[in-house]
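A.B. asks: Please read through the structure below; I'll follow up with questions.
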Amino acid sequence: MSLSPVRRRVAVIGTGAIVSGGHLPALRAHADRTELVAAVDVDQGRLDAFRAAAGEHVAGFTSVSAMLDAVRPDLVLIGTPPSLHREQTVAALKAGAWVLCEKPLCLSLAEYDEIAAAEEASGAYASVVFQHRYGSGAVHARELIASGELGAPLVAHCQTTWHRDAAYYAAPWRGRWATEGGGPTMGHGIHQYDLLLHLLGEWDEVRAMAARLVHDTESEDVSTALVRFCNGALATVVNSVLSPDEVSRIRVDCADATVELTHLYGHGNDDWSYTPARHVPAERAAAWRTPAHDVPSSHTAQLGTLLDAYDAGARPPGSGQQARSTLEFAAALYKAAFTGRPVRAGEIVPGDPFYEAMHGGHPDWAPEERAEEQA
């Protein structure tokens, strides 16, 4: 006789579109393993609307601390603007709850290390939502690359070319260093290059450029990077909100095959393709086909993985060094773009201005001004 799975008591902080459209369906898909017990939002009307959709049994709060004191949840899902993530994550960890937080987990490496210290003190863990890692196509591709089945990774391209208009940036927290942490490098392309890092492993060096070409924002609206990985592979990364033809794409050329993923906001097995090199026998290439069972990249897939880790008492994927490495990549891209020089993994440490903020102490940065300074 099998035992029923343990149901974790879950609270959500923020009840906007990402929680209603992403986290709530994930909780419903894992209803045998989770129970939504509380929701927090400073907007009472939005909170009431969410509770009406989620179920009146869900307790409503306008204060995070009041919710944590009253409910003591096992798991907290955070879907608030980025500037609130560090404070809310640390508070949840101190209350003993595990955390799954929307990207970016925080706005700087300094903030990340505060979260890591809170993890260590509490014994709980904080993961960041990078749902593209958890689709079956991504799991399959990573296994093939990591095992060496496709040959050594050599060249890669990572492309997030999206379009956001002025109305999008009318939200007061968008495009501002203090509230969003940066532009598309932090808020849009981070999903794709996180998946690239997941596929190729540790990065070693970044060279980059950034510009503010269209939008009236503090941060960039486009960035590009050249990346050297520890395994020797070279990659390009483009993060844009200026592109009318929107696409998200990753391509990895290995010695024996090219792996390609093309999608927009989420992928399934059919979005992946494998092109064998001419010397590869057909029967070997046939074994690379994506799995028959299709698990789309989603909050649902990542939540299931996190619950598995919770049940096992193990650190969940998307936390710890995995999460820090992706945030460090963002910081390195900004530092390389702002200083005009290469940045190595591990060099941004306490005392470095880019450790404290992605703008490196230059919140009034303007690309044209830096160009004039170098002239």
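Residues in the structure tokens are named by chain (A, B, ... in the order shown) and by number from 1 within that chain; ligands are numbered from 1 in the order shown.
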Just the residues within 7 Å of A:Ser273, please, counting only C-alpha atoms, with nothing from its chain fewer than 3 positions along; format it as a list in words.
C.D. replies: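 So, after excluding close chain neighbours, the residues are Val259, Glu260 and Leu261 of chain A.
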A.B. asks: Need the shell around A:Val238: protein/DNA/RNA residues with any atom at most 12 Å away, counting only C-alpha atoms. Skip same-chain ones fewer than 6 positions apart. Format as JSON, numbers by chain?
C.D. replies: {"A": [156, 157, 158, 159, 160, 161, 162, 184, 185, 188, 189, 190, 191, 192, 193, 196, 208, 209, 210, 211, 221, 222, 223, 224, 225, 226, 227, 247, 248, 249, 250, 333]}
A.B. asks: Neighbours of A:His163 within 8 Å (only C-alpha atoms; same-chain residues fewer than 3 positions away dropped), as a ChimeraX atom specification?
C.D. replies: /A:240-246
A.B. asks: Once DSSP has gone over the backbone, tell me which residues of stretch 103-241 of chain A are in strand (DSSP E), as a PyMOL selection string.
C.D. replies: chain A and resi 126-128+153-163+203-211+222-229+234-240
A.B. asks: Keeping N, CA and C atoms for every residue in the selection just given, could you write it to a file as a tab-separated table (two decimals), in the first residue's frame?
C.D. replies:
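Once everything was written out, this is again-v6.tsv:
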```
chain	number	residue	atom	x	y	z
A	126	ALA	N	16.38	28.81	-1.22
A	126	ALA	CA	15.71	29.75	-2.13
A	126	ALA	C	16.12	29.44	-3.56
A	127	SER	N	15.13	29.17	-4.41
A	127	SER	CA	15.36	28.90	-5.83
A	127	SER	C	14.79	30.05	-6.65
A	128	VAL	N	15.37	30.26	-7.82
A	128	VAL	CA	14.87	31.27	-8.75
A	128	VAL	C	14.13	30.58	-9.88
A	153	PRO	N	31.33	20.55	-27.23
A	153	PRO	CA	30.69	21.82	-27.61
A	153	PRO	C	31.76	22.79	-28.13
A	154	LEU	N	31.45	23.46	-29.23
A	154	LEU	CA	32.44	24.32	-29.87
A	154	LEU	C	31.97	25.77	-30.01
A	155	VAL	N	30.78	25.96	-30.58
A	155	VAL	CA	30.27	27.30	-30.87
A	155	VAL	C	28.80	27.36	-30.46
A	156	ALA	N	28.38	28.48	-29.87
A	156	ALA	CA	26.98	28.60	-29.47
A	156	ALA	C	26.48	30.01	-29.71
A	157	HIS	N	25.17	30.10	-29.90
A	157	HIS	CA	24.48	31.39	-30.06
A	157	HIS	C	23.26	31.38	-29.15
A	158	CYS	N	23.05	32.49	-28.45
A	158	CYS	CA	21.90	32.62	-27.55
A	158	CYS	C	21.23	33.95	-27.87
A	159	GLN	N	19.96	33.88	-28.23
A	159	GLN	CA	19.28	35.06	-28.77
A	159	GLN	C	17.94	35.26	-28.07
A	160	THR	N	17.78	36.41	-27.43
A	160	THR	CA	16.48	36.85	-26.93
A	160	THR	C	16.20	38.18	-27.60
A	161	THR	N	15.51	38.14	-28.71
A	161	THR	CA	15.20	39.35	-29.46
A	161	THR	C	13.69	39.57	-29.39
A	162	TRP	N	13.28	40.38	-28.44
A	162	TRP	CA	11.88	40.65	-28.16
A	162	TRP	C	11.57	42.13	-28.45
A	163	HIS	N	10.31	42.50	-28.27
A	163	HIS	CA	9.91	43.89	-28.50
A	163	HIS	C	9.05	44.37	-27.34
A	203	TRP	N	31.08	29.29	-17.21
A	203	TRP	CA	31.66	30.26	-18.13
A	203	TRP	C	32.95	30.81	-17.52
A	204	ASP	N	33.84	31.28	-18.39
A	204	ASP	CA	35.15	31.74	-17.93
A	204	ASP	C	35.38	33.22	-18.16
A	205	GLU	N	34.91	33.77	-19.30
A	205	GLU	CA	35.24	35.15	-19.66
A	205	GLU	C	34.10	35.76	-20.48
A	206	VAL	N	33.84	37.05	-20.23
A	206	VAL	CA	32.80	37.77	-20.95
A	206	VAL	C	33.37	39.09	-21.48
A	207	ARG	N	33.07	39.40	-22.73
A	207	ARG	CA	33.28	40.72	-23.32
A	207	ARG	C	31.93	41.20	-23.81
A	208	ALA	N	31.61	42.50	-23.67
A	208	ALA	CA	30.23	42.91	-23.94
A	208	ALA	C	30.12	44.37	-24.36
A	209	MET	N	28.97	44.67	-24.95
A	209	MET	CA	28.53	46.03	-25.23
A	209	MET	C	27.07	46.16	-24.83
A	210	ALA	N	26.66	47.38	-24.47
A	210	ALA	CA	25.26	47.66	-24.16
A	210	ALA	C	24.93	49.04	-24.68
A	211	ALA	N	23.67	49.25	-24.98
A	211	ALA	CA	23.24	50.55	-25.50
A	211	ALA	C	21.81	50.83	-25.09
A	222	VAL	N	19.33	47.13	-25.12
A	222	VAL	CA	19.96	46.05	-25.88
A	222	VAL	C	21.35	45.80	-25.32
A	223	SER	N	21.76	44.54	-25.28
A	223	SER	CA	23.14	44.20	-24.91
A	223	SER	C	23.59	43.00	-25.73
A	224	THR	N	24.89	42.93	-25.94
A	224	THR	CA	25.48	41.80	-26.66
A	224	THR	C	26.73	41.36	-25.90
A	225	ALA	N	27.04	40.08	-26.01
A	225	ALA	CA	28.21	39.57	-25.30
A	225	ALA	C	28.90	38.48	-26.11
A	226	LEU	N	30.20	38.39	-25.93
A	226	LEU	CA	31.01	37.27	-26.39
A	226	LEU	C	31.46	36.51	-25.15
A	227	VAL	N	31.30	35.21	-25.16
A	227	VAL	CA	31.54	34.41	-23.95
A	227	VAL	C	32.47	33.24	-24.27
A	228	ARG	N	33.46	33.04	-23.39
A	228	ARG	CA	34.30	31.85	-23.44
A	228	ARG	C	33.92	30.95	-22.26
A	229	PHE	N	33.62	29.70	-22.55
A	229	PHE	CA	33.28	28.75	-21.50
A	229	PHE	C	34.52	28.00	-21.04
A	234	LEU	N	32.98	28.84	-27.49
A	234	LEU	CA	32.75	30.28	-27.63
A	234	LEU	C	31.29	30.51	-27.97
A	235	ALA	N	30.71	31.59	-27.42
A	235	ALA	CA	29.29	31.85	-27.64
A	235	ALA	C	29.04	33.34	-27.81
A	236	THR	N	27.95	33.65	-28.51
A	236	THR	CA	27.43	35.01	-28.56
A	236	THR	C	26.09	35.03	-27.83
A	237	VAL	N	25.81	36.16	-27.18
A	237	VAL	CA	24.55	36.33	-26.46
A	237	VAL	C	23.98	37.69	-26.83
A	238	VAL	N	22.72	37.74	-27.24
A	238	VAL	CA	22.04	38.99	-27.58
A	238	VAL	C	20.77	39.09	-26.74
A	239	ASN	N	20.60	40.24	-26.08
A	239	ASN	CA	19.41	40.52	-25.28
A	239	ASN	C	18.80	41.83	-25.78
A	240	SER	N	17.61	41.78	-26.36
A	240	SER	CA	17.02	42.97	-26.99
A	240	SER	C	15.54	43.07	-26.68
```
A.B. asks: Just the residues within 7 Å of A:Leu75, please, counting only C-alpha atoms, with nothing from its chain fewer than 6 positions along; format it as an MDAnalysis selection string.
C.D. replies: chainID A and resid 8:11 97:99
A.B. asks: Nearest to A:Asp352: which of A:Ala110, A:Val6, A:Tyr134, A:Glu180 is it, counting only C-alpha atoms?
C.D. replies: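 For A:Asp352, the nearest of the given residues is A:Ala110.
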A.B. asks: Which polymer residues have any atom within 9 Å of an atom of stretch 176-178 of chain A, counting only C-alpha atoms, with same-chain residues fewer than 2 positions away left out, as JSON, numbers by chain?
C.D. replies: {"A": [83, 107, 172, 173, 174, 180, 181, 182, 183, 217, 218, 219, 357, 358, 359, 363]}
A.B. asks: With N, CA, C and O atoms retained, write the just-selected residues as a compact mmCIF listing (two decimals), in the first residue's frame.
C.D. replies:
```
# COMPACT_ATOMS: atom_id res chain seq x y z
N SER A 83 12.71 44.60 -7.02
CA SER A 83 13.35 45.28 -5.89
C SER A 83 12.90 44.74 -4.54
O SER A 83 13.55 44.98 -3.51
N LEU A 107 18.91 41.86 -6.99
CA LEU A 107 19.42 42.86 -7.92
C LEU A 107 20.93 42.96 -7.98
O LEU A 107 21.46 43.74 -8.77
N PRO A 172 6.25 52.23 -13.39
CA PRO A 172 7.35 53.03 -12.81
C PRO A 172 8.57 52.24 -12.39
O PRO A 172 9.66 52.81 -12.27
N TRP A 173 8.44 50.92 -12.16
CA TRP A 173 9.60 50.16 -11.70
C TRP A 173 10.41 49.57 -12.84
O TRP A 173 11.52 49.08 -12.63
N ARG A 174 9.91 49.63 -14.07
CA ARG A 174 10.62 49.02 -15.19
C ARG A 174 11.69 49.96 -15.76
O ARG A 174 11.51 51.17 -15.84
N GLU A 180 14.41 47.43 -11.01
CA GLU A 180 14.45 46.25 -11.88
C GLU A 180 15.84 45.65 -11.97
O GLU A 180 16.00 44.50 -12.38
N GLY A 181 16.85 46.43 -11.61
CA GLY A 181 18.21 45.92 -11.61
C GLY A 181 18.92 46.06 -12.94
O GLY A 181 20.12 45.84 -13.03
N GLY A 182 18.18 46.43 -13.99
CA GLY A 182 18.77 46.56 -15.32
C GLY A 182 17.69 46.46 -16.38
O GLY A 182 16.49 46.49 -16.08
N GLY A 183 18.12 46.35 -17.62
CA GLY A 183 17.22 46.24 -18.75
C GLY A 183 17.02 44.79 -19.17
O GLY A 183 16.91 43.89 -18.33
N THR A 217 14.81 55.05 -20.60
CA THR A 217 15.03 54.28 -19.38
C THR A 217 16.40 54.60 -18.82
O THR A 217 17.24 55.20 -19.50
N GLU A 218 16.64 54.21 -17.58
CA GLU A 218 17.98 54.36 -17.00
C GLU A 218 18.90 53.28 -17.54
O GLU A 218 20.08 53.53 -17.79
N SER A 219 18.38 52.07 -17.70
CA SER A 219 19.20 50.93 -18.10
C SER A 219 19.16 50.74 -19.61
O SER A 219 18.46 51.46 -20.34
N ALA A 357 26.03 46.68 -7.28
CA ALA A 357 24.95 47.06 -8.20
C ALA A 357 25.36 46.75 -9.62
O ALA A 357 26.55 46.85 -9.97
N MET A 358 24.39 46.38 -10.45
CA MET A 358 24.69 46.03 -11.83
C MET A 358 25.26 47.21 -12.61
O MET A 358 25.99 47.01 -13.59
N HIS A 359 24.95 48.44 -12.19
CA HIS A 359 25.49 49.61 -12.89
C HIS A 359 26.88 49.99 -12.40
O HIS A 359 27.49 50.93 -12.91
N PRO A 363 24.67 54.94 -11.99
CA PRO A 363 23.24 54.86 -12.33
C PRO A 363 22.84 55.82 -13.44
O PRO A 363 21.80 55.61 -14.08
```
A.B. asks: Counting only C-alpha atoms, what is within 10 Å of A:Asp32, bar same-chain residues fewer than 4 positions away, as a list in words?
C.D. replies: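 Near neighbours after the sequence-gap exclusion: Ser4, Pro5, Val6, Arg7, Arg8, Leu27 and Arg28 of chain A.
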A.B. asks: Could you tell me how far atom CA of A:Thr62 lies from atom CA of A:Cys106, in Å and to one decimal?
C.D. replies: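 Atom-to-atom, atom CA of A:Thr62 and atom CA of A:Cys106 are spaced 21.6 Å apart.
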A.B. asks: Quick one, how far is atom CA of A:Ala121 from atom CA of A:Ala314?
C.D. replies: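 Those two atoms sit 15.8 Å apart.
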A.B. asks: I'd like to know which of A:His140, A:His85, A:His267, A:His198 is closest to A:Arg289, using only C-alpha atoms.
C.D. replies: A:His140
A.B. asks: Have a look at A:Glu283, A:Asp311, A:Glu119, A:Asp271 and name the one nearest to A:Ala138; count only C-alpha atoms.
C.D. replies: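 Checking each of A:Glu283, A:Asp311, A:Glu119, A:Asp271 against A:Ala138, counting only C-alpha atoms, the winner is A:Asp271.
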A.B. asks: Between atom CA of A:Ala38 and atom CA of A:His132, measure the distance and give it in Å to one decimal.
C.D. replies: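 Going from atom CA of A:Ala38 over to atom CA of A:His132 covers 26.9 Å.
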A.B. asks: Between A:Pro342, A:Gln88, A:Gly268, A:Gly318, which residue has the minimum interatomic distance to A:Met67, considering only C-alpha atoms?
C.D. replies: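 Ranking A:Pro342, A:Gln88, A:Gly268, A:Gly318 by distance to A:Met67, first place goes to A:Gln88.
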A.B. asks: With only C-alpha atoms as the atoms that count, which of A:Gly175, A:Pro350, A:Gly79, A:Gly22 lies nearest to A:His299?
C.D. replies: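 Smallest separation from A:His299 among the options: A:Gly22.
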A.B. asks: Taking into account only C-alpha atoms, which residue in the set A:Lys94, A:Arg142, A:Arg164, A:Phe329 is nearest to A:Val252?
C.D. replies: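 Answer, going by the shortest atom-to-atom distance: A:Arg142.
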